[in-house]
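Visitor: Take a look at this one; I'll ask things after.
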Amino acid sequence: MEKGEDTLFGLLARIGRLVPEHRPWTRHVTDRAGWLTLIERLGVGDWSLLGLWGEPAAVHAALRADSAGEVAVVSLPCPEGCFPSLSIVRPAAIRLERAACDLFGLTAEGITDERPWLDHGHWGVRHPLAAKPEPGATAAPYPFLRSEGQGLHQIPVGPVHAGIIEPGHFRFTANGETVVRLEKRLGYVHKGIEGLMRGKTPPDAARIVARLSGDSTVAHSIAFAQAVEAALGVAIPPRAVWLRALMAELERVANHLGDIGAVCNDAAFSFMLAELGQLRELVLRAADSCFGHRLMMDRVLPGGVALDIAETGPKRLFDLTAELRRRFAPLVAVYDGKASLQDRTLSTGVATTGLAARFGAGGFVGRASGRGLDARKTPGYAPYTDLEFEVPVLTEGDVNARLWIRIREVEQSLSLIDQILRRMPGVPRGPDGITPPPLVPMPTGKGGEGMALVESFRGEILTWVRVDGDGTIGRCHPRDPSWFQWPLLEAAIEGNIVADFPLCNKSFNCSYAGHDL
């Protein structure tokens with residue numbers, strides 16, 4: 001492609017200086033004028049914001065030209081601790097900019113919402129990752145946005161909920177049973193992930209990343225590993241690449257099966273939850289049998305994988321995919337033929353195609369609203385570039401569409417599992433099929449910067465990492481897909497009744513922990 005000024009690469013080359021040792025995509029450092037030029041271009045173009053994160057004296061943004069498939073990072077030094085906000089042209093940046101302010105003290109000039117986001121006033125310190133953290137401020141009431149009109153009332157829900165789900169506060173403004181506005185407050189499970197990773201070796205940091213959001217432990221681990229390997233220029237064993245994909249598809253199937261059942265349960269059809277819960281359990285037991293852990297946590301490491309599949313694993317997984325196909329299709333038919341269930345899911349919780357595009361939402365949320373991007377295909381990564389699968393896309397944007405995207409993705413993932421098992425290079429290591437694993441050591445005394453885009457069951461995970469010269473993590477930013485999906489839930493529930501919120505919420509199934517860092 002010609003690198004003219006109308007391309008992402010062309011613009012960044014014109015306004016910025018190329019940073020060496022940033023892989024696999026380029027990073028450019030620009031000045032304030034260049035940053036403003038970028039904002040102007042974003043206002044008239046279709047480039048997606050993939051992420052925005054801070055450092056003590058700089059801000060970074062990852063962008064993608066969706067039609068051309070170009071991906072790049074642009075950085076702006078912030079010696080005065082401020083930068084022009086991207087939120088005017090990319091609303092998905094608002095909460096990321098608020099988080100950068102909470103953590104680093106960076107002020108986004110012109111941001112439409114200056115309230116704190118992750119910092120609830122209980123840390124004992126302000127801007128904990130800044131060069132000079134400040135003493136903590138006293139916690140103050142959070143100023144929720146106001147809605148005015150006759151007959152309006154507020155319904156506060158959370159942060160503590162029934163059951164064992166994660167904490168988050170939902171503030172409903174309703175007129176009778178109809179929701180006029182929903183506003184969330186998150187950050188209750190902030191763990192200080194980005195601070196904890198500083199100074200850790202890649203293997204130690206990988207254990208932290210694996211616990212960022214437990215249901216996506218494999219995907220987050222792959223994203224971190226790929227970013228570190230890119231930063232250090234490490235090529236991992238081909239078998240490890242395929243084993244990672246195998247674990248990722250098992251994780252995808254398990255989560256989708258659980259979600260489909262849970263959505264139906266929130267529509268008062270518990271039969272589907274019970275039946276699909278059994279199928280999910282089959283997947284988790286197979287994962288434990290093959291990889292020694294039900295969630296496959298800590299199985300993906302920078303340099304490869306911690307262990308190979310058990311010798312009996314391939315047969316166990318072939319039997320699993322056959323069993324799932326036999327039992328899943330009749331359950332899909334039950335959902336499709338149950339009129340009372342369809343009445344709850346059709347036209348409920350609509351996320352429009354325009355909003356999905358503006359917020360860069362991916363995964364089943366984006367694909368149910370016409371946004372058909374999948375990191376496995378665009379920009380793509382091994383071994384998916386050698387596998388055959390389709391990315392399902394619908395445009396209705398309602399609960400039913402999000403459920404059908406999951407159904408189709410289960411079918412595609414079962415096919416991918418079979419393809420991976422048949423085509424995986426190499427043989428299991430050792431007589432027990434477990435040791436030694438396909439894993440290469442990380443080089444010492446070498447640094448660099450790397451970024452990865454990996455498709456989790458929720459959507460694209462972006463992980464950016466800087467490895468310092470001593471081989472430890474200098475900076476890491478993992479961006480969960482939920483950052484770009486939570487805002488759409490607020491829009492999707494408007495005009496629906498309060499009783500449909502659990503249904504809408506589960507159809508999104510955003511991660512609290514993955515978002516709260």
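Chain lettering (A, B, ...) mirrors the order of the structure tokens, residue numbering begins at 1 for each chain separately, and ligand numbering begins at 1 in order of display.
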Pick out the residues sitting within 9 Å of region 53-67 of chain A, and hand them over as an mmCIF file with C-alpha atoms, in the first residue's frame; count only C-alpha atoms, and ignore anything fewer than 2 positions along from it in its own chain.
Guide:
```
data_model
loop_
_atom_site.group_PDB
_atom_site.id
_atom_site.type_symbol
_atom_site.label_atom_id
_atom_site.label_comp_id
_atom_site.auth_asym_id
_atom_site.auth_seq_id
_atom_site.Cartn_x
_atom_site.Cartn_y
_atom_site.Cartn_z
ATOM 1 C CA THR A 7 -3.391 6.370 5.174
ATOM 2 C CA LEU A 8 -2.784 5.801 8.860
ATOM 3 C CA ARG A 27 5.049 3.515 17.044
ATOM 4 C CA VAL A 29 6.201 10.025 18.731
ATOM 5 C CA GLY A 45 -12.180 9.130 9.119
ATOM 6 C CA ASP A 46 -13.153 5.617 10.127
ATOM 7 C CA TRP A 47 -10.021 4.696 12.045
ATOM 8 C CA SER A 48 -10.788 2.724 15.199
ATOM 9 C CA LEU A 49 -9.347 3.497 18.602
ATOM 10 C CA LEU A 50 -7.846 0.272 19.895
ATOM 11 C CA GLY A 51 -6.593 1.640 23.195
ATOM 12 C CA GLY A 69 -5.926 -3.315 8.188
ATOM 13 C CA GLU A 70 -3.173 -0.909 9.269
ATOM 14 C CA VAL A 71 -2.339 -0.840 12.981
ATOM 15 C CA ALA A 72 -0.021 1.644 14.696
ATOM 16 C CA VAL A 73 0.671 3.433 17.977
ATOM 17 C CA VAL A 74 1.090 7.191 18.339
ATOM 18 C CA SER A 75 2.637 8.777 21.447
ATOM 19 C CA LEU A 76 2.615 12.329 22.799
ATOM 20 C CA PRO A 77 5.093 13.504 25.458
ATOM 21 C CA CYS A 78 3.241 15.330 28.254
ATOM 22 C CA PRO A 79 5.879 17.254 30.231
ATOM 23 C CA GLU A 80 3.146 19.514 31.649
ATOM 24 C CA GLY A 81 0.923 16.555 32.481
ATOM 25 C CA CYS A 82 -1.800 17.316 29.936
ATOM 26 C CA PHE A 83 -2.834 16.432 26.381
ATOM 27 C CA LEU A 96 -9.572 5.440 29.272
ATOM 28 C CA GLU A 97 -8.571 9.100 29.651
ATOM 29 C CA ALA A 99 -8.304 6.156 34.092
ATOM 30 C CA ALA A 100 -5.036 7.697 32.845
ATOM 31 C CA CYS A 101 -5.780 10.726 35.033
ATOM 32 C CA LEU A 103 -3.354 6.493 37.683
ATOM 33 C CA PHE A 104 -0.821 8.976 36.272
ATOM 34 C CA GLY A 105 -2.284 12.433 36.864
ATOM 35 C CA LEU A 106 -2.518 13.132 33.129
ATOM 36 C CA LEU A 129 1.769 5.461 39.008
ATOM 37 C CA ALA A 130 2.875 9.078 38.484
ATOM 38 C CA ALA A 131 6.493 10.108 38.910
ATOM 39 C CA LYS A 132 5.505 11.810 42.178
ATOM 40 C CA LEU A 373 -14.018 -7.504 12.942
ATOM 41 C CA THR A 378 -7.804 -8.834 11.004
ATOM 42 C CA LEU A 462 -4.949 -5.286 23.320
ATOM 43 C CA ARG A 475 5.315 -0.867 31.542
ATOM 44 C CA HIS A 477 -1.152 -2.036 29.630
ATOM 45 C CA ARG A 479 -7.011 -3.473 27.606
#
```
Visitor: Extract, using only C-alpha atoms, all DNA, RNA and protein residues at most 8 Å from Thr112 (chain A), discarding same-chain residues fewer than 5 positions from it, and format them as number ranges by chain.
Guide: A: 87-88, 94
Visitor: Using DSSP on the backbone coordinates, identify all residues within region 251-363 of chain A classified as helix (DSSP H, G or I); present the result as a VMD selection string.
Guide: chain A and resid 251 to 266 270 to 291 313 to 337 339 to 345 353 to 359 363
Visitor: Please list as a PyMOL selection string every residue within 8 Å of Met442 (chain A), counting only C-alpha atoms and excluding residues in the same chain fewer than 3 positions away.
Guide: chain A and resi 232+234+302-303
Visitor: Could you pull the residues within 9 Å of region 446-456 of chain A, counting only C-alpha atoms, minus those fewer than 2 positions along the same chain, as JSON, numbers by chain?
Guide: {"A": [20, 21, 22, 23, 24, 25, 216, 218, 219, 220, 222, 223, 224, 225, 226, 227, 228, 229, 230, 231, 232, 233, 248, 249, 251, 252, 363, 374, 375, 376, 379, 380, 381, 443, 444, 458, 459, 460, 461, 462, 463, 464, 465, 466, 467, 468, 469, 470, 471, 472, 481]}
Visitor: Record the distance separating CA of Tyr512 (chain A) and CA of Asp480 (chain A), expressed in Å with one decimal.
Guide: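 For CA of Tyr512 (chain A) relative to CA of Asp480 (chain A), the distance reads 9.7 Å.
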Visitor: Please return as an MDAnalysis selection string: the residues of region 24-205 of chain A that backbone DSSP assigns to strand (DSSP E).
Guide: chainID A and resid 26:30 48:55 58:65 70:77 82:84 107:109 125:126 134:135 152:157 169:175 178:185
Visitor: For region 187-196 of chain A, find every residue with an atom within 7 Å (counting only C-alpha atoms), except residues of its own chain fewer than 5 positions away, and show them as a PyMOL selection string.
Guide: chain A and resi 117-118+129+167-168+476-477+513+516-517
Visitor: Go ahead and write the residues just picked, all heavy atoms, as a PDB file, in the first residue's frame.
Guide:
```pdb
ATOM      1  N   TRP A 117     -12.565   7.916  37.708  1.00  0.00           N
ATOM      2  CA  TRP A 117     -13.169   6.684  37.205  1.00  0.00           C
ATOM      3  C   TRP A 117     -12.779   5.479  38.052  1.00  0.00           C
ATOM      4  O   TRP A 117     -13.618   4.863  38.706  1.00  0.00           O
ATOM      5  CB  TRP A 117     -12.805   6.477  35.737  1.00  0.00           C
ATOM      6  CG  TRP A 117     -13.467   5.285  35.121  1.00  0.00           C
ATOM      7  CD1 TRP A 117     -12.875   4.219  34.524  1.00  0.00           C
ATOM      8  CD2 TRP A 117     -14.882   5.031  35.048  1.00  0.00           C
ATOM      9  NE1 TRP A 117     -13.815   3.318  34.086  1.00  0.00           N
ATOM     10  CE2 TRP A 117     -15.052   3.802  34.392  1.00  0.00           C
ATOM     11  CE3 TRP A 117     -16.005   5.733  35.477  1.00  0.00           C
ATOM     12  CZ2 TRP A 117     -16.307   3.242  34.155  1.00  0.00           C
ATOM     13  CZ3 TRP A 117     -17.268   5.175  35.246  1.00  0.00           C
ATOM     14  CH2 TRP A 117     -17.407   3.946  34.583  1.00  0.00           C
ATOM     15  N   LEU A 118     -11.493   5.144  38.097  1.00  0.00           N
ATOM     16  CA  LEU A 118     -11.059   3.997  38.891  1.00  0.00           C
ATOM     17  C   LEU A 118     -10.827   4.369  40.347  1.00  0.00           C
ATOM     18  O   LEU A 118     -10.956   3.524  41.242  1.00  0.00           O
ATOM     19  CB  LEU A 118      -9.771   3.401  38.305  1.00  0.00           C
ATOM     20  CG  LEU A 118      -9.852   2.835  36.888  1.00  0.00           C
ATOM     21  CD1 LEU A 118      -8.481   2.320  36.456  1.00  0.00           C
ATOM     22  CD2 LEU A 118     -10.885   1.723  36.802  1.00  0.00           C
ATOM     23  N   LEU A 129       0.733   5.835  39.965  1.00  0.00           N
ATOM     24  CA  LEU A 129       1.769   5.461  39.008  1.00  0.00           C
ATOM     25  C   LEU A 129       2.493   6.674  38.431  1.00  0.00           C
ATOM     26  O   LEU A 129       3.334   6.530  37.548  1.00  0.00           O
ATOM     27  CB  LEU A 129       1.165   4.638  37.862  1.00  0.00           C
ATOM     28  CG  LEU A 129       0.451   3.336  38.275  1.00  0.00           C
ATOM     29  CD1 LEU A 129      -0.002   2.561  37.050  1.00  0.00           C
ATOM     30  CD2 LEU A 129       1.360   2.482  39.143  1.00  0.00           C
ATOM     31  N   PRO A 167     -18.628  -6.840  41.745  1.00  0.00           N
ATOM     32  CA  PRO A 167     -19.314  -5.621  42.165  1.00  0.00           C
ATOM     33  C   PRO A 167     -19.280  -4.510  41.121  1.00  0.00           C
ATOM     34  O   PRO A 167     -18.276  -4.260  40.465  1.00  0.00           O
ATOM     35  CB  PRO A 167     -18.524  -5.200  43.413  1.00  0.00           C
ATOM     36  CG  PRO A 167     -17.138  -5.703  43.152  1.00  0.00           C
ATOM     37  CD  PRO A 167     -17.306  -6.986  42.388  1.00  0.00           C
ATOM     38  N   GLY A 168     -20.398  -3.843  40.991  1.00  0.00           N
ATOM     39  CA  GLY A 168     -20.519  -2.659  40.148  1.00  0.00           C
ATOM     40  C   GLY A 168     -21.821  -1.966  40.503  1.00  0.00           C
ATOM     41  O   GLY A 168     -22.807  -2.620  40.867  1.00  0.00           O
ATOM     42  N   CYS A 476       3.295  -2.143  31.270  1.00  0.00           N
ATOM     43  CA  CYS A 476       2.378  -3.033  30.559  1.00  0.00           C
ATOM     44  C   CYS A 476       0.965  -2.501  30.714  1.00  0.00           C
ATOM     45  O   CYS A 476       0.551  -2.116  31.812  1.00  0.00           O
ATOM     46  CB  CYS A 476       2.459  -4.462  31.094  1.00  0.00           C
ATOM     47  SG  CYS A 476       1.332  -5.611  30.246  1.00  0.00           S
ATOM     48  N   HIS A 477       0.251  -2.459  29.610  1.00  0.00           N
ATOM     49  CA  HIS A 477      -1.152  -2.036  29.630  1.00  0.00           C
ATOM     50  C   HIS A 477      -1.993  -3.099  28.935  1.00  0.00           C
ATOM     51  O   HIS A 477      -1.922  -3.262  27.713  1.00  0.00           O
ATOM     52  CB  HIS A 477      -1.329  -0.694  28.920  1.00  0.00           C
ATOM     53  CG  HIS A 477      -2.770  -0.308  28.756  1.00  0.00           C
ATOM     54  ND1 HIS A 477      -3.560   0.086  29.805  1.00  0.00           N
ATOM     55  CD2 HIS A 477      -3.575  -0.286  27.653  1.00  0.00           C
ATOM     56  CE1 HIS A 477      -4.790   0.355  29.366  1.00  0.00           C
ATOM     57  NE2 HIS A 477      -4.818   0.134  28.065  1.00  0.00           N
ATOM     58  N   ALA A 513     -13.704  -7.240  36.435  1.00  0.00           N
ATOM     59  CA  ALA A 513     -12.296  -7.336  36.809  1.00  0.00           C
ATOM     60  C   ALA A 513     -11.377  -6.939  35.665  1.00  0.00           C
ATOM     61  O   ALA A 513     -10.373  -6.255  35.864  1.00  0.00           O
ATOM     62  CB  ALA A 513     -11.971  -8.755  37.274  1.00  0.00           C
ATOM     63  N   ASP A 516     -11.551  -3.145  35.438  1.00  0.00           N
ATOM     64  CA  ASP A 516     -11.092  -2.365  36.596  1.00  0.00           C
ATOM     65  C   ASP A 516      -9.585  -2.414  36.799  1.00  0.00           C
ATOM     66  O   ASP A 516      -9.058  -1.659  37.621  1.00  0.00           O
ATOM     67  CB  ASP A 516     -11.787  -2.859  37.863  1.00  0.00           C
ATOM     68  CG  ASP A 516     -13.262  -2.480  37.900  1.00  0.00           C
ATOM     69  OD1 ASP A 516     -13.702  -1.727  37.021  1.00  0.00           O
ATOM     70  OD2 ASP A 516     -13.970  -2.942  38.815  1.00  0.00           O
ATOM     71  N   LEU A 517      -8.900  -3.270  36.069  1.00  0.00           N
ATOM     72  CA  LEU A 517      -7.437  -3.393  36.179  1.00  0.00           C
ATOM     73  C   LEU A 517      -7.048  -3.711  37.630  1.00  0.00           C
ATOM     74  O   LEU A 517      -6.113  -3.197  38.159  1.00  0.00           O
ATOM     75  CB  LEU A 517      -6.746  -2.132  35.688  1.00  0.00           C
ATOM     76  CG  LEU A 517      -6.925  -1.838  34.176  1.00  0.00           C
ATOM     77  CD1 LEU A 517      -6.362  -0.473  33.831  1.00  0.00           C
ATOM     78  CD2 LEU A 517      -6.223  -2.916  33.356  1.00  0.00           C
TER      79      LEU A 517
END
```
Visitor: Using only C-alpha atoms, find the one residue out of A:Arg14, A:Lys506, A:Lys200, A:Arg408 that sits nearest to Ala262 (chain A).
Guide: A:Lys506
